[in-house]
>>> print(open('run07.cif').read())   # mmCIF, C-alpha atoms
data_upload
#
loop_
_atom_site.group_PDB
_atom_site.id
_atom_site.type_symbol
_atom_site.label_atom_id
_atom_site.label_comp_id
_atom_site.auth_asym_id
_atom_site.auth_seq_id
_atom_site.Cartn_x
_atom_site.Cartn_y
_atom_site.Cartn_z
ATOM 1 C CA MET N 1 -9.851 -13.925 7.762
ATOM 2 C CA ARG N 2 -9.428 -11.776 10.882
ATOM 3 C CA LEU N 3 -5.821 -11.481 12.008
ATOM 4 C CA SER N 4 -4.714 -11.266 15.628
ATOM 5 C CA LEU N 5 -2.465 -8.273 16.331
ATOM 6 C CA THR N 6 -0.273 -9.038 19.325
ATOM 7 C CA PHE N 7 0.540 -5.784 21.091
ATOM 8 C CA PRO N 8 3.890 -5.730 22.933
ATOM 9 C CA VAL N 9 4.576 -3.597 25.980
ATOM 10 C CA ASP N 10 6.416 -0.952 23.960
ATOM 11 C CA GLY N 11 4.118 2.036 23.452
ATOM 12 C CA VAL N 12 5.623 2.888 20.059
ATOM 13 C CA ASP N 13 4.832 -0.621 18.793
ATOM 14 C CA GLN N 14 1.276 -0.283 20.080
ATOM 15 C CA LEU N 15 0.839 2.951 18.146
ATOM 16 C CA LEU N 16 2.370 1.562 14.952
ATOM 17 C CA LEU N 17 0.185 -1.563 15.032
ATOM 18 C CA ALA N 18 -2.941 0.462 15.724
ATOM 19 C CA LEU N 19 -2.182 2.721 12.740
ATOM 20 C CA LEU N 20 -1.402 -0.311 10.588
ATOM 21 C CA LYS N 21 -4.743 -1.873 11.452
ATOM 22 C CA LEU N 22 -6.613 1.336 10.547
ATOM 23 C CA LEU N 23 -4.681 1.971 7.340
ATOM 24 C CA PRO N 24 -6.764 1.268 4.188
ATOM 25 C CA LYS N 25 -4.127 -1.152 2.896
ATOM 26 C CA ARG N 26 -5.974 -2.430 -0.181
ATOM 27 C CA LEU N 27 -6.949 1.056 -1.325
ATOM 28 C CA LEU N 28 -3.410 2.281 -0.705
ATOM 29 C CA SER N 29 -1.973 -0.647 -2.668
ATOM 30 C CA ARG N 30 -4.302 0.019 -5.615
ATOM 31 C CA LEU N 31 -3.397 3.710 -5.668
ATOM 32 C CA THR N 32 0.300 2.907 -5.442
ATOM 33 C CA GLY N 33 -0.065 0.431 -8.297
ATOM 34 C CA ARG N 34 -1.829 2.972 -10.493
ATOM 35 C CA LEU N 35 0.746 5.652 -9.772
ATOM 36 C CA ALA N 36 3.555 3.197 -10.484
ATOM 37 C CA ARG N 37 2.110 2.588 -13.961
ATOM 38 C CA VAL N 38 1.933 6.310 -14.877
ATOM 39 C CA PRO N 39 4.703 7.304 -17.339
ATOM 40 C CA LEU N 40 6.798 10.172 -15.971
ATOM 41 C CA PRO N 41 9.122 12.572 -17.791
ATOM 42 C CA VAL N 42 12.485 10.864 -18.156
ATOM 43 C CA PRO N 43 14.479 13.328 -15.986
ATOM 44 C CA LEU N 44 11.894 13.152 -13.177
ATOM 45 C CA ASN N 45 11.664 9.360 -13.266
ATOM 46 C CA GLU N 46 15.436 8.957 -13.328
ATOM 47 C CA LYS N 47 15.866 11.332 -10.397
ATOM 48 C CA PHE N 48 13.271 9.434 -8.358
ATOM 49 C CA LEU N 49 14.914 6.092 -9.129
ATOM 50 C CA ARG N 50 18.310 7.444 -8.106
ATOM 51 C CA VAL N 51 16.884 8.590 -4.767
ATOM 52 C CA TYR N 52 15.066 5.267 -4.340
ATOM 53 C CA GLY N 53 18.273 3.410 -5.155
ATOM 54 C CA LYS N 54 20.267 5.267 -2.513
ATOM 55 C CA LEU N 55 17.521 4.850 0.072
ATOM 56 C CA PHE N 56 17.289 1.070 -0.372
ATOM 57 C CA ASP N 57 20.825 0.358 -1.649
ATOM 58 C CA VAL N 58 19.750 -0.902 -5.087
ATOM 59 C CA ASN N 59 22.456 -2.343 -7.345
ATOM 60 C CA PHE N 60 21.800 -0.565 -10.665
ATOM 61 C CA GLU N 61 24.764 -2.329 -12.276
ATOM 62 C CA GLU N 62 22.787 -5.596 -12.384
ATOM 63 C CA ALA N 63 19.733 -4.136 -14.142
ATOM 64 C CA ALA N 64 19.279 -4.818 -17.860
ATOM 65 C CA CYS N 65 18.555 -1.114 -18.467
ATOM 66 C CA ALA N 66 19.993 2.163 -17.199
ATOM 67 C CA PRO N 67 17.733 4.206 -14.855
ATOM 68 C CA TYR N 68 16.891 6.738 -17.578
ATOM 69 C CA GLU N 69 15.489 3.950 -19.808
ATOM 70 C CA TYR N 70 12.615 3.076 -17.429
ATOM 71 C CA ARG N 71 9.428 4.987 -18.246
ATOM 72 C CA THR N 72 7.446 4.061 -15.135
ATOM 73 C CA LEU N 73 8.193 3.010 -11.570
ATOM 74 C CA GLN N 74 6.570 -0.347 -12.268
ATOM 75 C CA ASP N 75 8.976 -0.970 -15.138
ATOM 76 C CA PHE N 76 11.812 -0.536 -12.678
ATOM 77 C CA PHE N 77 10.259 -2.596 -9.872
ATOM 78 C CA THR N 78 9.749 -5.519 -12.266
ATOM 79 C CA ARG N 79 13.096 -5.020 -13.993
ATOM 80 C CA LYS N 80 15.006 -7.778 -15.715
ATOM 81 C CA LEU N 81 18.704 -8.342 -15.061
ATOM 82 C CA LYS N 82 21.672 -8.473 -17.386
ATOM 83 C CA PRO N 83 22.336 -11.938 -18.872
ATOM 84 C CA GLY N 84 24.607 -13.978 -16.631
ATOM 85 C CA THR N 85 23.884 -11.898 -13.530
ATOM 86 C CA ARG N 86 22.191 -14.835 -11.782
ATOM 87 C CA PRO N 87 24.078 -18.010 -12.834
ATOM 88 C CA LEU N 88 22.369 -21.280 -11.928
ATOM 89 C CA ASP N 89 24.063 -23.881 -9.758
ATOM 90 C CA PRO N 90 24.888 -26.606 -12.337
ATOM 91 C CA ASP N 91 24.189 -29.561 -10.004
ATOM 92 C CA PRO N 92 20.813 -30.987 -11.165
ATOM 93 C CA LYS N 93 20.079 -32.095 -7.571
ATOM 94 C CA SER N 94 20.515 -28.539 -6.328
ATOM 95 C CA ILE N 95 17.280 -26.766 -5.403
ATOM 96 C CA LEU N 96 17.632 -23.261 -6.768
ATOM 97 C CA CYS N 97 16.541 -20.220 -4.840
ATOM 98 C CA PRO N 98 13.477 -18.904 -6.738
ATOM 99 C CA VAL N 99 13.917 -15.242 -5.695
ATOM 100 C CA ASP N 100 16.378 -12.710 -4.355
ATOM 101 C CA GLY N 101 15.852 -12.237 -0.635
ATOM 102 C CA ARG N 102 16.566 -13.207 2.954
ATOM 103 C CA VAL N 103 15.841 -16.590 4.550
ATOM 104 C CA MET N 104 13.312 -15.864 7.310
ATOM 105 C CA GLN N 105 12.532 -19.447 8.348
ATOM 106 C CA VAL N 106 13.748 -22.871 7.255
ATOM 107 C CA GLY N 107 12.949 -26.264 8.739
ATOM 108 C CA THR N 108 10.348 -28.963 9.212
ATOM 109 C CA ILE N 109 6.574 -28.855 9.150
ATOM 110 C CA GLU N 110 5.297 -30.351 12.398
ATOM 111 C CA GLU N 111 1.931 -32.135 12.319
ATOM 112 C CA GLY N 112 0.740 -30.024 9.421
ATOM 113 C CA LYS N 113 1.825 -26.710 10.970
ATOM 114 C CA LEU N 114 4.519 -24.301 9.852
ATOM 115 C CA LEU N 115 6.479 -21.847 11.995
ATOM 116 C CA GLN N 116 5.877 -18.127 11.470
ATOM 117 C CA ALA N 117 7.813 -16.555 14.386
ATOM 118 C CA LYS N 118 8.033 -16.499 18.193
ATOM 119 C CA GLY N 119 6.742 -20.065 18.441
ATOM 120 C CA TRP N 120 3.555 -19.252 16.495
ATOM 121 C CA ARG N 121 2.524 -21.937 14.014
ATOM 122 C CA PHE N 122 -0.170 -21.940 11.363
ATOM 123 C CA ALA N 123 -1.889 -24.718 9.427
ATOM 124 C CA VAL N 124 -0.425 -25.645 6.041
ATOM 125 C CA SER N 125 -3.928 -26.592 4.864
ATOM 126 C CA GLU N 126 -5.048 -22.996 5.423
ATOM 127 C CA LEU N 127 -1.936 -21.610 3.757
ATOM 128 C CA LEU N 128 -2.442 -23.711 0.614
ATOM 129 C CA GLY N 129 -6.233 -23.652 0.470
ATOM 130 C CA ASP N 130 -6.178 -27.274 -0.688
ATOM 131 C CA ALA N 131 -6.722 -29.777 2.142
ATOM 132 C CA GLN N 132 -6.018 -32.852 0.006
ATOM 133 C CA ARG N 133 -2.647 -31.671 -1.266
ATOM 134 C CA ALA N 134 -1.785 -30.237 2.160
ATOM 135 C CA THR N 135 -1.686 -33.765 3.641
ATOM 136 C CA LEU N 136 1.401 -34.466 1.511
ATOM 137 C CA PHE N 137 3.273 -31.705 3.358
ATOM 138 C CA ALA N 138 2.080 -32.565 6.892
ATOM 139 C CA HIS N 139 5.603 -33.680 7.916
ATOM 140 C CA GLY N 140 7.554 -32.044 5.117
ATOM 141 C CA THR N 141 9.934 -29.105 5.040
ATOM 142 C CA ALA N 142 9.639 -25.436 4.136
ATOM 143 C CA CYS N 143 11.712 -22.334 3.500
ATOM 144 C CA THR N 144 10.387 -18.757 3.834
ATOM 145 C CA LEU N 145 12.073 -16.029 1.755
ATOM 146 C CA TYR N 146 11.481 -12.286 2.180
ATOM 147 C CA LEU N 147 12.005 -9.843 -0.709
ATOM 148 C CA SER N 148 12.988 -6.309 0.296
ATOM 149 C CA PRO N 149 12.195 -3.151 -1.736
ATOM 150 C CA ALA N 150 15.742 -3.296 -3.141
ATOM 151 C CA ASP N 151 15.516 -6.845 -4.454
ATOM 152 C CA TYR N 152 14.961 -8.185 -7.943
ATOM 153 C CA HIS N 153 11.258 -9.135 -7.932
ATOM 154 C CA ARG N 154 10.946 -11.887 -10.514
ATOM 155 C CA ILE N 155 10.206 -15.461 -9.417
ATOM 156 C CA HIS N 156 11.901 -18.520 -10.921
ATOM 157 C CA MET N 157 11.512 -22.304 -10.984
ATOM 158 C CA PRO N 158 13.634 -24.115 -8.343
ATOM 159 C CA LEU N 159 13.786 -27.457 -10.219
ATOM 160 C CA THR N 160 12.859 -28.620 -13.695
ATOM 161 C CA GLY N 161 9.270 -29.820 -13.570
ATOM 162 C CA SER N 162 5.740 -28.714 -14.287
ATOM 163 C CA VAL N 163 2.957 -26.581 -12.829
ATOM 164 C CA GLU N 164 0.019 -28.844 -11.909
ATOM 165 C CA ALA N 165 -2.349 -26.257 -10.448
ATOM 166 C CA LEU N 166 -2.739 -22.672 -9.277
ATOM 167 C CA GLN N 167 -4.761 -21.694 -6.210
ATOM 168 C CA TYR N 168 -5.764 -18.077 -5.541
ATOM 169 C CA LEU N 169 -6.790 -17.067 -2.009
ATOM 170 C CA PRO N 170 -7.956 -13.497 -1.306
ATOM 171 C CA GLY N 171 -7.060 -11.791 1.945
ATOM 172 C CA HIS N 172 -5.490 -8.808 3.679
ATOM 173 C CA LEU N 173 -2.446 -6.882 2.498
ATOM 174 C CA TYR N 174 -0.484 -6.464 5.725
ATOM 175 C CA PRO N 175 3.279 -5.907 5.408
ATOM 176 C CA VAL N 176 5.293 -9.132 5.665
ATOM 177 C CA ASN N 177 8.535 -7.754 7.102
ATOM 178 C CA ARG N 178 10.128 -8.849 10.387
ATOM 179 C CA PHE N 179 8.156 -6.254 12.385
ATOM 180 C CA SER N 180 4.857 -7.760 11.222
ATOM 181 C CA LEU N 181 6.016 -11.391 11.504
ATOM 182 C CA ASN N 182 6.783 -10.892 15.189
ATOM 183 C CA ARG N 183 3.547 -9.062 16.013
ATOM 184 C CA ILE N 184 0.720 -10.356 13.791
ATOM 185 C CA ARG N 185 -0.420 -13.955 14.261
ATOM 186 C CA ASP N 186 -1.430 -15.986 11.197
ATOM 187 C CA LEU N 187 0.007 -13.317 8.917
ATOM 188 C CA PHE N 188 0.622 -15.572 5.916
ATOM 189 C CA ILE N 189 -2.754 -17.331 6.016
ATOM 190 C CA GLY N 190 -4.534 -13.995 6.446
ATOM 191 C CA ASN N 191 -2.866 -12.196 3.551
ATOM 192 C CA GLU N 192 -3.749 -12.551 -0.118
ATOM 193 C CA ARG N 193 -1.722 -15.232 -1.892
ATOM 194 C CA ILE N 194 -1.245 -17.363 -4.983
ATOM 195 C CA VAL N 195 -0.160 -20.992 -4.534
ATOM 196 C CA LEU N 196 1.605 -22.873 -7.329
ATOM 197 C CA PHE N 197 1.656 -26.674 -7.077
ATOM 198 C CA LEU N 198 4.776 -27.959 -8.823
ATOM 199 C CA ARG N 199 5.640 -31.523 -9.856
ATOM 200 C CA THR N 200 9.428 -31.911 -9.502
ATOM 201 C CA PRO N 201 12.125 -34.614 -9.139
ATOM 202 C CA ALA N 202 11.715 -33.983 -5.388
ATOM 203 C CA GLY N 203 8.037 -34.900 -5.483
ATOM 204 C CA LEU N 204 5.236 -32.375 -5.191
ATOM 205 C CA ALA N 205 6.296 -28.873 -4.164
ATOM 206 C CA ALA N 206 4.153 -25.876 -3.296
ATOM 207 C CA MET N 207 5.311 -22.326 -3.905
ATOM 208 C CA VAL N 208 3.257 -19.707 -2.050
ATOM 209 C CA LEU N 209 3.443 -16.132 -3.346
ATOM 210 C CA VAL N 210 2.246 -13.882 -0.520
ATOM 211 C CA GLY N 211 0.799 -10.440 -1.225
ATOM 212 C CA ALA N 212 1.574 -7.455 1.015
ATOM 213 C CA THR N 213 0.977 -3.724 1.373
ATOM 214 C CA ASN N 214 1.716 -2.013 -1.962
ATOM 215 C CA VAL N 215 2.005 -5.362 -3.750
ATOM 216 C CA GLY N 216 -0.948 -4.558 -5.950
ATOM 217 C CA ARG N 217 -0.402 -7.437 -8.337
ATOM 218 C CA ILE N 218 1.385 -10.747 -8.632
ATOM 219 C CA ARG N 219 1.937 -11.583 -12.284
ATOM 220 C CA ILE N 220 1.974 -15.161 -13.563
ATOM 221 C CA ALA N 221 4.196 -15.862 -16.581
ATOM 222 C CA PHE N 222 2.616 -19.116 -17.807
ATOM 223 C CA ASP N 223 -1.106 -18.220 -17.773
ATOM 224 C CA GLU N 224 -3.232 -15.207 -18.656
ATOM 225 C CA ILE N 225 -5.722 -14.696 -15.817
ATOM 226 C CA PRO N 226 -8.060 -11.681 -16.108
ATOM 227 C CA ARG N 227 -7.937 -9.276 -13.155
ATOM 228 C CA ALA N 228 -11.719 -9.616 -12.823
ATOM 229 C CA ARG N 229 -11.216 -13.283 -11.952
ATOM 230 C CA PHE N 230 -9.194 -12.327 -8.886
ATOM 231 C CA ARG N 231 -11.849 -9.868 -7.719
ATOM 232 C CA LYS N 232 -14.452 -12.658 -7.632
ATOM 233 C CA GLY N 233 -12.681 -14.460 -4.815
ATOM 234 C CA PRO N 234 -10.893 -17.795 -4.362
ATOM 235 C CA PHE N 235 -10.440 -20.099 -7.330
ATOM 236 C CA GLN N 236 -8.223 -22.916 -8.541
ATOM 237 C CA ARG N 237 -6.939 -23.643 -12.023
ATOM 238 C CA SER N 238 -5.729 -27.119 -12.938
ATOM 239 C CA TYR N 239 -3.371 -27.838 -15.837
ATOM 240 C CA PRO N 240 -3.915 -31.423 -17.088
ATOM 241 C CA GLY N 241 -0.562 -32.945 -17.944
ATOM 242 C CA GLY N 242 1.169 -29.957 -16.344
ATOM 243 C CA ILE N 243 2.827 -26.889 -17.826
ATOM 244 C CA GLY N 244 6.489 -27.740 -18.290
ATOM 245 C CA VAL N 245 8.937 -25.239 -16.780
ATOM 246 C CA ALA N 246 12.711 -25.533 -16.929
ATOM 247 C CA ARG N 247 14.961 -25.099 -13.931
ATOM 248 C CA GLY N 248 15.570 -21.369 -13.430
ATOM 249 C CA GLU N 249 12.828 -20.314 -15.856
ATOM 250 C CA GLU N 250 10.606 -17.411 -14.842
ATOM 251 C CA LEU N 251 7.261 -18.209 -13.174
ATOM 252 C CA GLY N 252 6.050 -14.681 -12.460
ATOM 253 C CA CYS N 253 6.874 -11.512 -10.549
ATOM 254 C CA PHE N 254 5.798 -9.253 -7.715
ATOM 255 C CA GLU N 255 5.043 -5.621 -8.458
ATOM 256 C CA LEU N 256 7.057 -4.621 -5.326
ATOM 257 C CA GLY N 257 8.530 -6.827 -2.599
ATOM 258 C CA SER N 258 6.853 -9.612 -0.661
ATOM 259 C CA THR N 259 7.416 -13.210 0.498
ATOM 260 C CA VAL N 260 7.737 -16.655 -1.065
ATOM 261 C CA ILE N 261 7.229 -19.864 0.945
ATOM 262 C CA LEU N 262 8.549 -23.058 -0.645
ATOM 263 C CA LEU N 263 7.279 -26.413 0.670
ATOM 264 C CA PHE N 264 8.394 -29.985 -0.079
ATOM 265 C CA GLU N 265 7.235 -33.441 1.012
ATOM 266 C CA GLN N 266 8.808 -35.345 3.916
ATOM 267 C CA ASP N 267 12.426 -36.616 3.636
ATOM 268 C CA LEU N 268 12.837 -35.488 0.019
ATOM 269 C CA VAL N 269 14.888 -32.309 0.569
ATOM 270 C CA ARG N 270 17.984 -31.379 2.595
ATOM 271 C CA TRP N 271 18.286 -27.624 3.214
ATOM 272 C CA THR N 272 21.752 -26.024 3.311
ATOM 273 C CA LEU N 273 20.846 -22.373 3.971
ATOM 274 C CA ARG N 274 20.026 -21.076 7.430
ATOM 275 C CA GLU N 275 17.747 -18.422 8.888
ATOM 276 C CA GLY N 276 19.118 -14.939 8.243
ATOM 277 C CA ASP N 277 21.116 -15.866 5.129
ATOM 278 C CA ILE N 278 20.941 -13.531 2.132
ATOM 279 C CA THR N 279 20.458 -15.402 -1.120
ATOM 280 C CA ARG N 280 19.905 -14.785 -4.805
ATOM 281 C CA VAL N 281 18.098 -16.453 -7.716
ATOM 282 C CA GLY N 282 20.044 -19.484 -8.927
ATOM 283 C CA ARG N 283 21.948 -20.123 -5.707
ATOM 284 C CA THR N 284 21.460 -23.383 -3.814
ATOM 285 C CA LEU N 285 18.820 -23.579 -1.082
ATOM 286 C CA GLY N 286 19.373 -27.280 -0.567
ATOM 287 C CA PHE N 287 19.540 -30.613 -2.366
ATOM 288 C CA ILE N 288 17.248 -33.446 -3.351
ATOM 289 C CA ALA N 289 17.768 -36.038 -0.628
#
>>> encode(input="run07.cif", output="structure tokens")
Amino acid sequence: MRLSLTFPVDGVDQLLLALLKLLPKRLLSRLTGRLARVPLPVPLNEKFLRVYGKLFDVNFEEAACAPYEYRTLQDFFTRKLKPGTRPLDPDPKSILCPVDGRVMQVGTIEEGKLLQAKGWRFAVSELLGDAQRATLFAHGTACTLYLSPADYHRIHMPLTGSVEALQYLPGHLYPVNRFSLNRIRDLFIGNERIVLFLRTPAGLAAMVLVGATNVGRIRIAFDEIPRARFRKGPFQRSYPGGIGVARGEELGCFELGSTVILLFEQDLVRWTLREGDITRVGRTLGFIA
């Protein structure tokens, strides 16, 4: 899909967007991914991680391992946390935040369209790649969460339920930060993404895992999908009877930061977080209505 770059008056923004458009983002992401998987000498890797940590304000105290124990950059980017670091809200009606990140948008879906930024809306059917299921969310609600380079990158289940289907949609790998959200129309439906359809006590939910520059891979915890399958283009996998996943259990992870969009059906969820809030895995996003 061809994205529309909206150029503001500012000359610096014009230059940055022009360079972004010309940048070989997929090639760059593949190279970054390969480099991130190369084992480095322990002192060199630890030094790099320390610099990275200071640059992005990473909390090393939460990580399950000390910096010197990570052999590759990817090991660190996909790090696990110490037990008890992300306690789950005990209320069973509480919808848990699936990732660490910032709330970029939260609210209603209007006539099948979801807000990106600046009044721009995009079709939920295009986001999900499944027109039939998309009708269930035509007047539902959604929450958009952005993961920064400093964040924990694993993705967790918001409510006890099951995975009914997985939809893969190829696309671009534009950055998904605030700069891009405010300047690139249809960003989320133009970028590569994986959609998980979840059956929960709050009805059907859709969790959209959006790829971005330097997010070379999105790993899925409950299914082994060969990389060659992704290279062949869009596909859907159905799981008859569903794959049961407990509340707070891991669903997958990003190999660097990106965005998660969580959608629910109409009148089934009441959000309690607001745009701009910082949140963490296990905290409450809202409640089953």
>>> resolve_selection(input="run07.cif", expression="the PyMOL selection byres ((chain N and resi 218) around 7)", output="list in words")
Arg217, Arg219, Ile220, Cys253, Phe254 and Glu255 of chain N
>>> closest_residue(input="run07.cif", among="N:Tyr70, N:Pro149, N:Gly242, N:Glu265", to="Leu55 in chain N", atoms="all atoms listed in the file")
N:Pro149
>>> resolve_selection(input="run07.cif", expression="the PyMOL selection byres ((chain N and resi 289) around 10)", output="PyMOL selection string")
chain N and resi 93-94+202+267-271+286-288
>>> closest_residue(input="run07.cif", among="N:Ile278, N:Leu187, N:Ala63, N:Val103", to="Trp120 in chain N", atoms="only C-alpha atoms")
N:Leu187
>>> closest_residue(input="run07.cif", among="N:Thr141, N:Gln236, N:Gln116, N:Gln74", to="Gly129 in chain N", atoms="only C-alpha atoms")
N:Gln236
>>> atom_distance(input="run07.cif", atom1="CA of Leu136 in chain N", atom2="CA of Gly244 in chain N")
21.5 Å
>>> resolve_selection(input="run07.cif", expression="the PyMOL selection byres ((chain N and resi 108) around 10)", output="PyMOL selection string")
chain N and resi 105-107+109-115+137-143+263-267
>>> residues_around(input="run07.cif", residues="Asp151 in chain N", least_positions_apart="3", cutoff="6 Å", atoms="all atoms listed in the file", output="VMD selection string")
chain N and resid 100 147 to 148
>>> closest_residue(input="run07.cif", among="N:Pro240, N:Gly161, N:Pro226, N:Gly171", to="Gly203 in chain N", atoms="only C-alpha atoms")
N:Gly161
>>> closest_residue(input="run07.cif", among="N:Phe48, N:Tyr68, N:Phe77, N:Phe230", to="Leu256 in chain N", atoms="all atoms listed in the file")
N:Phe77
>>> closest_residue(input="run07.cif", among="N:Pro175, N:Leu181, N:Gly276, N:Ile95", to="Pro201 in chain N", atoms="all atoms listed in the file")
N:Ile95
>>> residues_around(input="run07.cif", residues="Glu126 in chain N", least_positions_apart="4", cutoff="10 Å", atoms="all atoms listed in the file", output="list of chain:residue names")
N:Gly112, N:Lys113, N:Phe122, N:Asp130, N:Ala131, N:Ala134, N:Leu169, N:Asp186, N:Phe188, N:Ile189, N:Gly190
>>> residues_near_point(input="run07.cif", point="(17.6, -12.9, -8.4)", cutoff="12 Å", atoms="only C-alpha atoms", output="PyMOL selection string")
chain N and resi 59+62-63+78-88+96-102+145+147-148+150-158+248-250+253+278-283
>>> atom_distance(input="run07.cif", atom1="CA of Tyr168 in chain N", atom2="CA of Asp223 in chain N")
13.1 Å
>>> atom_distance(input="run07.cif", atom1="CA of Ala123 in chain N", atom2="CA of Val163 in chain N")
22.9 Å
>>> residues_near_point(input="run07.cif", point="(-4.1, -34.4, -12.4)", cutoff="12 Å", atoms="all atoms listed in the file", output="list of chain:residue names")
N:Arg133, N:Ser162, N:Val163, N:Glu164, N:Ala165, N:Phe197, N:Leu198, N:Arg199, N:Leu204, N:Arg237, N:Ser238, N:Tyr239, N:Pro240, N:Gly241, N:Gly242, N:Ile243
